[in-house]
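A.B. asks: Below you'll find the structure I mean.
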Amino acid sequence: MTATHSSAGSATRRPRGTARQSRAGVAFVAAYVILLIAFGILPTGYAVYFAFTDAGGTFTGFDNFVTTAQDFRFMDAVGHVALYLLFWLVSLVVFVVSLALLLHRLASGTLSKSLRFLFYIPGALAGAASVLVWLFMLDPTVSPVSSLLGTLGFHTFGEVIAPGNLPLLFTIIAFWTGAGGWIVVIYGALNNIPQDVMEAARIDGASAWQTAWRVQIPMLRKWIVYMVILAFAGGAQLFVEPQLLSLASVGVAGRDYSLNQLTYDFAFQMNNINGAAAVSVELLVVSVSAAAVFVARSGFFDAD
């Protein structure tokens with residue numbers, strides 16, 4: 001009787017705990033949904049409305065898209081962003097995964113913890129502050145690495161930020177700012193690989209390289225895809241870096257280098273809010289389409 005009563009008591013207690021957990025989950029999700037609607041869905045709908053109407057609110061179809069695409073700066077901006085994305089995504093995947101694997105090989109010692117902390121520190125800087133740091137680093141007259149810049153043939157700030165160098169410079173700035181956080185994330189994902197899998201690889205005689213290439217990287221596939229999706233979306237919206245470089249160089253870097261800069265120019269220099277909205281919607285469509293391709297081809301939501 002006592003055992004039966006105890007079982008019945010815990011059976012009645014369980015639903016209460018489950019109900020509390022359910023309410024807590026709903027509360028957290030509800031807060032996210034409210035913020036998503038307020039700062040995601042509504043602004044997106046607002047931009048879509050402007051993209052398909054004129055200044056008087058009349059529906060114009062794809063006229064705004066055609067007008068912005070015919071702007072002489074549009075295709076140049078597309079090329080600039082595409083080249084930057086290529087450099088940025090390749091360097092992010094190669095170096096972040098490689099550095100995370102190297103850190104993981106160091107196990108959980110003091111050196112590994114210190115390096116993870118050092119990698120993460122630049123991510124604490126806001127985008128604008130990070131660019132300001134790099135403006136100082138890239139000016140041969142004040143840079144602490146001026147001797148290195150001189151060796152590479154750069155003696156003035158204008159030579160360093162010449163248009164042909166910008167994709168690489170923006171990639172370096174973005175990597176310095178954002179890669180550290182991803183290294184920590186990928187390192188955490190490596191720690192979730194079952195130890196019996198790693199032990200089986202060692203027993204089979206796999207070298208460190210073979211273990212990384214044939215075991216660890218395949219098991220990191222979804223994390224890498226997740227990183228690429230977010231990095232692609234952020235990189236497509238390149239704005240702060242070229243905008244500040246343009247201001248610092250008095251136009252040498254160009255105020256319409258990226259699509260987001262062009263959007264800013266349409267909205268606040270040409271008073272063409274509808275054209276700016278059209279470019280913004282195009283960026284949204286490209287980012288969502290790229291994310292859909294990555295998710296579909298990688299089996300992102302497949303159960304392991």
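Identifiers in the structure tokens: chain A, B, ... in order shown; residue index from 1 per chain; ligand index from 1 in order shown.
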If you run DSSP on the backbone, which residues of stretch 70-288 of chain A are alpha helix (DSSP H), as JSON, numbers by chain?
C.D. replies: {"A": [74, 75, 76, 77, 78, 79, 80, 81, 82, 83, 84, 85, 86, 87, 88, 89, 90, 91, 92, 93, 94, 95, 96, 97, 98, 99, 100, 101, 102, 103, 104, 105, 110, 111, 112, 113, 114, 115, 116, 117, 118, 119, 120, 127, 128, 129, 130, 131, 132, 133, 134, 135, 136, 137, 138, 146, 147, 148, 149, 150, 151, 157, 158, 159, 160, 166, 167, 168, 169, 170, 171, 172, 173, 174, 175, 176, 177, 178, 179, 180, 181, 182, 183, 184, 185, 186, 187, 188, 189, 190, 191, 195, 196, 197, 198, 199, 200, 201, 202, 203, 208, 209, 210, 211, 217, 218, 219, 221, 222, 223, 224, 225, 226, 227, 228, 229, 230, 231, 232, 233, 234, 235, 236, 240, 241, 242, 243, 244, 245, 246, 247, 248, 259, 260, 261, 262, 263, 264, 265, 266, 267, 268, 273, 274, 275, 276, 277, 278, 279, 280, 281, 282, 283, 284, 285, 286, 287, 288]}
A.B. asks: Please report as JSON lines every residue of stretch 133-196 of chain A lying within 10 Å of stretch 87-90 of chain A, along with the nearest atom pair and their distance in Å (one decimal), using only C-alpha atoms.
C.D. replies:
{"residue": "A:Pro167", "atom": "CA", "partner": "A:Phe87", "partner_atom": "CA", "distance": 7.3}
{"residue": "A:Leu168", "atom": "CA", "partner": "A:Phe87", "partner_atom": "CA", "distance": 7.0}
{"residue": "A:Phe170", "atom": "CA", "partner": "A:Trp88", "partner_atom": "CA", "distance": 8.2}
{"residue": "A:Thr171", "atom": "CA", "partner": "A:Trp88", "partner_atom": "CA", "distance": 5.1}
{"residue": "A:Ile172", "atom": "CA", "partner": "A:Trp88", "partner_atom": "CA", "distance": 8.2}
{"residue": "A:Ile173", "atom": "CA", "partner": "A:Trp88", "partner_atom": "CA", "distance": 9.8}
{"residue": "A:Ala174", "atom": "CA", "partner": "A:Trp88", "partner_atom": "CA", "distance": 7.5}
{"residue": "A:Phe175", "atom": "CA", "partner": "A:Trp88", "partner_atom": "CA", "distance": 7.4}
A.B. asks: Which value, in Å to one decimal, gives the distance between atom CA of A:Ala100 and atom CA of A:Leu115?
C.D. replies: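 Going from atom CA of A:Ala100 over to atom CA of A:Leu115, I get 10.3 Å.
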A.B. asks: Write out as a ChimeraX atom specification each polymer residue whose atoms come within 9 Å of A:Leu238, counting only C-alpha atoms; drop sequence neighbours fewer than 5 positions from it.
C.D. replies: /A:81,84,170,258-261
A.B. asks: So which residues touch stretch 269-282 of chain A within 10 Å, counting only C-alpha atoms, skipping near sequence neighbours fewer than 3 positions away, as a ChimeraX atom specification?
C.D. replies: /A:44-55,57,62-69,74,237,259-266,285-288
A.B. asks: For the residues in that selection, give me N, CA and C atoms as an mmCIF file, in the first residue's frame.
C.D. replies:
data_model
loop_
_atom_site.group_PDB
_atom_site.id
_atom_site.type_symbol
_atom_site.label_atom_id
_atom_site.label_comp_id
_atom_site.auth_asym_id
_atom_site.auth_seq_id
_atom_site.Cartn_x
_atom_site.Cartn_y
_atom_site.Cartn_z
ATOM 1 N N THR A 44 9.877 44.200 -42.034
ATOM 2 C CA THR A 44 10.006 43.547 -43.337
ATOM 3 C C THR A 44 8.775 43.818 -44.196
ATOM 4 N N GLY A 45 7.603 43.679 -43.580
ATOM 5 C CA GLY A 45 6.374 43.978 -44.308
ATOM 6 C C GLY A 45 6.314 45.426 -44.758
ATOM 7 N N TYR A 46 6.796 46.319 -43.906
ATOM 8 C CA TYR A 46 6.837 47.744 -44.236
ATOM 9 C C TYR A 46 7.739 47.996 -45.442
ATOM 10 N N ALA A 47 8.911 47.328 -45.457
ATOM 11 C CA ALA A 47 9.842 47.486 -46.571
ATOM 12 C C ALA A 47 9.254 46.914 -47.865
ATOM 13 N N VAL A 48 8.588 45.785 -47.766
ATOM 14 C CA VAL A 48 7.969 45.176 -48.953
ATOM 15 C C VAL A 48 6.897 46.104 -49.524
ATOM 16 N N TYR A 49 6.127 46.720 -48.634
ATOM 17 C CA TYR A 49 5.091 47.669 -49.081
ATOM 18 C C TYR A 49 5.724 48.820 -49.867
ATOM 19 N N PHE A 50 6.792 49.415 -49.327
ATOM 20 C CA PHE A 50 7.451 50.527 -50.010
ATOM 21 C C PHE A 50 8.100 50.083 -51.319
ATOM 22 N N ALA A 51 8.590 48.842 -51.347
ATOM 23 C CA ALA A 51 9.287 48.357 -52.543
ATOM 24 C C ALA A 51 8.358 48.237 -53.744
ATOM 25 N N PHE A 52 7.071 48.025 -53.491
ATOM 26 C CA PHE A 52 6.129 47.815 -54.594
ATOM 27 C C PHE A 52 5.177 48.996 -54.800
ATOM 28 N N THR A 53 5.481 50.127 -54.172
ATOM 29 C CA THR A 53 4.644 51.319 -54.332
ATOM 30 C C THR A 53 5.528 52.515 -54.653
ATOM 31 N N ASP A 54 4.892 53.628 -55.026
ATOM 32 C CA ASP A 54 5.641 54.865 -55.251
ATOM 33 C C ASP A 54 5.454 55.792 -54.063
ATOM 34 N N ALA A 55 5.946 57.018 -54.187
ATOM 35 C CA ALA A 55 5.880 57.969 -53.076
ATOM 36 C C ALA A 55 4.449 58.274 -52.660
ATOM 37 N N GLY A 57 2.037 56.033 -52.651
ATOM 38 C CA GLY A 57 1.382 54.816 -52.170
ATOM 39 C C GLY A 57 0.704 54.020 -53.263
ATOM 40 N N PHE A 62 7.105 46.014 -60.287
ATOM 41 C CA PHE A 62 8.556 45.877 -60.121
ATOM 42 C C PHE A 62 9.324 47.108 -60.611
ATOM 43 N N ASP A 63 8.651 48.218 -60.746
ATOM 44 C CA ASP A 63 9.304 49.423 -61.274
ATOM 45 C C ASP A 63 10.493 49.862 -60.415
ATOM 46 N N ASN A 64 10.318 49.810 -59.085
ATOM 47 C CA ASN A 64 11.409 50.237 -58.203
ATOM 48 C C ASN A 64 12.617 49.316 -58.335
ATOM 49 N N PHE A 65 12.368 48.035 -58.534
ATOM 50 C CA PHE A 65 13.468 47.086 -58.694
ATOM 51 C C PHE A 65 14.210 47.347 -60.005
ATOM 52 N N VAL A 66 13.456 47.623 -61.058
ATOM 53 C CA VAL A 66 14.072 47.899 -62.359
ATOM 54 C C VAL A 66 14.881 49.186 -62.302
ATOM 55 N N THR A 67 14.311 50.211 -61.670
ATOM 56 C CA THR A 67 14.991 51.509 -61.581
ATOM 57 C C THR A 67 16.318 51.394 -60.833
ATOM 58 N N THR A 68 16.309 50.713 -59.695
ATOM 59 C CA THR A 68 17.548 50.586 -58.914
ATOM 60 C C THR A 68 18.568 49.704 -59.630
ATOM 61 N N ALA A 69 18.102 48.669 -60.321
ATOM 62 C CA ALA A 69 19.027 47.789 -61.043
ATOM 63 C C ALA A 69 19.697 48.508 -62.209
ATOM 64 N N PHE A 74 24.834 50.035 -59.289
ATOM 65 C CA PHE A 74 24.233 48.827 -58.724
ATOM 66 C C PHE A 74 25.080 47.579 -58.976
ATOM 67 N N GLN A 237 25.068 42.304 -45.880
ATOM 68 C CA GLN A 237 24.646 43.625 -45.411
ATOM 69 C C GLN A 237 25.843 44.524 -45.079
ATOM 70 N N LEU A 259 25.962 47.276 -51.323
ATOM 71 C CA LEU A 259 24.536 47.456 -51.588
ATOM 72 C C LEU A 259 23.841 48.200 -50.449
ATOM 73 N N ASN A 260 24.266 47.960 -49.227
ATOM 74 C CA ASN A 260 23.662 48.687 -48.116
ATOM 75 C C ASN A 260 24.026 50.167 -48.159
ATOM 76 N N GLN A 261 25.235 50.486 -48.584
ATOM 77 C CA GLN A 261 25.599 51.889 -48.772
ATOM 78 C C GLN A 261 24.748 52.523 -49.873
ATOM 79 N N LEU A 262 24.513 51.749 -50.932
ATOM 80 C CA LEU A 262 23.684 52.253 -52.022
ATOM 81 C C LEU A 262 22.255 52.491 -51.539
ATOM 82 N N THR A 263 21.761 51.596 -50.699
ATOM 83 C CA THR A 263 20.437 51.767 -50.096
ATOM 84 C C THR A 263 20.374 53.046 -49.270
ATOM 85 N N TYR A 264 21.410 53.259 -48.465
ATOM 86 C CA TYR A 264 21.500 54.474 -47.657
ATOM 87 C C TYR A 264 21.500 55.718 -48.550
ATOM 88 N N ASP A 265 22.222 55.644 -49.659
ATOM 89 C CA ASP A 265 22.307 56.781 -50.578
ATOM 90 C C ASP A 265 20.952 57.055 -51.228
ATOM 91 N N PHE A 266 20.264 55.978 -51.648
ATOM 92 C CA PHE A 266 18.929 56.147 -52.218
ATOM 93 C C PHE A 266 17.987 56.830 -51.231
ATOM 94 N N VAL A 285 15.716 38.558 -50.080
ATOM 95 C CA VAL A 285 15.409 37.390 -50.919
ATOM 96 C C VAL A 285 16.666 36.562 -51.171
ATOM 97 N N VAL A 286 17.785 37.228 -51.455
ATOM 98 C CA VAL A 286 19.036 36.512 -51.710
ATOM 99 C C VAL A 286 19.484 35.758 -50.463
ATOM 100 N N SER A 287 19.424 36.407 -49.300
ATOM 101 C CA SER A 287 19.861 35.764 -48.055
ATOM 102 C C SER A 287 18.976 34.573 -47.699
ATOM 103 N N VAL A 288 17.656 34.749 -47.817
ATOM 104 C CA VAL A 288 16.738 33.651 -47.505
ATOM 105 C C VAL A 288 16.922 32.503 -48.498
#
A.B. asks: Hey, could you make a per-residue contact list for stretch 51-129 of chain A against stretch 204-220 of chain A with 10 Å as the cut-off, showing the nearest pair of atoms and its distance in Å to one decimal, counting only C-alpha atoms, sorted by chain and number, as a tab-separated table?
C.D. replies:
residue	atom	partner	partner_atom	distance
A:Val97	CA	A:Ile217	CA	8.1
A:Ser98	CA	A:Ala212	CA	9.2
A:Leu101	CA	A:Ala212	CA	7.4
A:Leu102	CA	A:Ala212	CA	9.9
A:Arg105	CA	A:Ala208	CA	8.8
A.B. asks: Pick from A:Trp223, A:Tyr187, A:Pro140, A:Phe95: nearest to A:Gly299, with only C-alpha atoms counted?
C.D. replies: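 The shortest atom-to-atom distance to A:Gly299 comes from A:Trp223.
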A.B. asks: Just the number, please: distance in Å from atom CA of A:Ser249 to atom CA of A:Ser130, one decimal.
C.D. replies: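 Interatomic distance here is 16.7 Å.
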A.B. asks: Calculated over only C-alpha atoms, which of the candidates A:Ala248, A:Leu283, A:Val93, A:Ala77 has the smallest distance to A:Phe157?
C.D. replies: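 Nearest candidate to A:Phe157 out of A:Ala248, A:Leu283, A:Val93, A:Ala77: A:Ala248.
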A.B. asks: Using only C-alpha atoms, which of the listed residues (A:Ser289, A:Asn192, A:Ser147, A:Ser112) sits closest to A:Ile229?
C.D. replies: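 For A:Ile229, the nearest of the candidates is A:Ser289.
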A.B. asks: So how many Å separate atom CA of A:Phe239 and atom CA of A:Tyr257, to one decimal?
C.D. replies: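 Going from atom CA of A:Phe239 over to atom CA of A:Tyr257, I get 8.6 Å.
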A.B. asks: Looking at A:Arg202, A:His80, A:Arg297, A:Lys222, which one is nearest to A:Gly235, with distances taken over only C-alpha atoms?
C.D. replies: A:His80
A.B. asks: Counting only C-alpha atoms, which residue out of A:Ala292, A:Asn191, A:Phe268, A:Leu247 sits closest to A:Tyr226?
C.D. replies: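 Nearest to A:Tyr226: A:Ala292.
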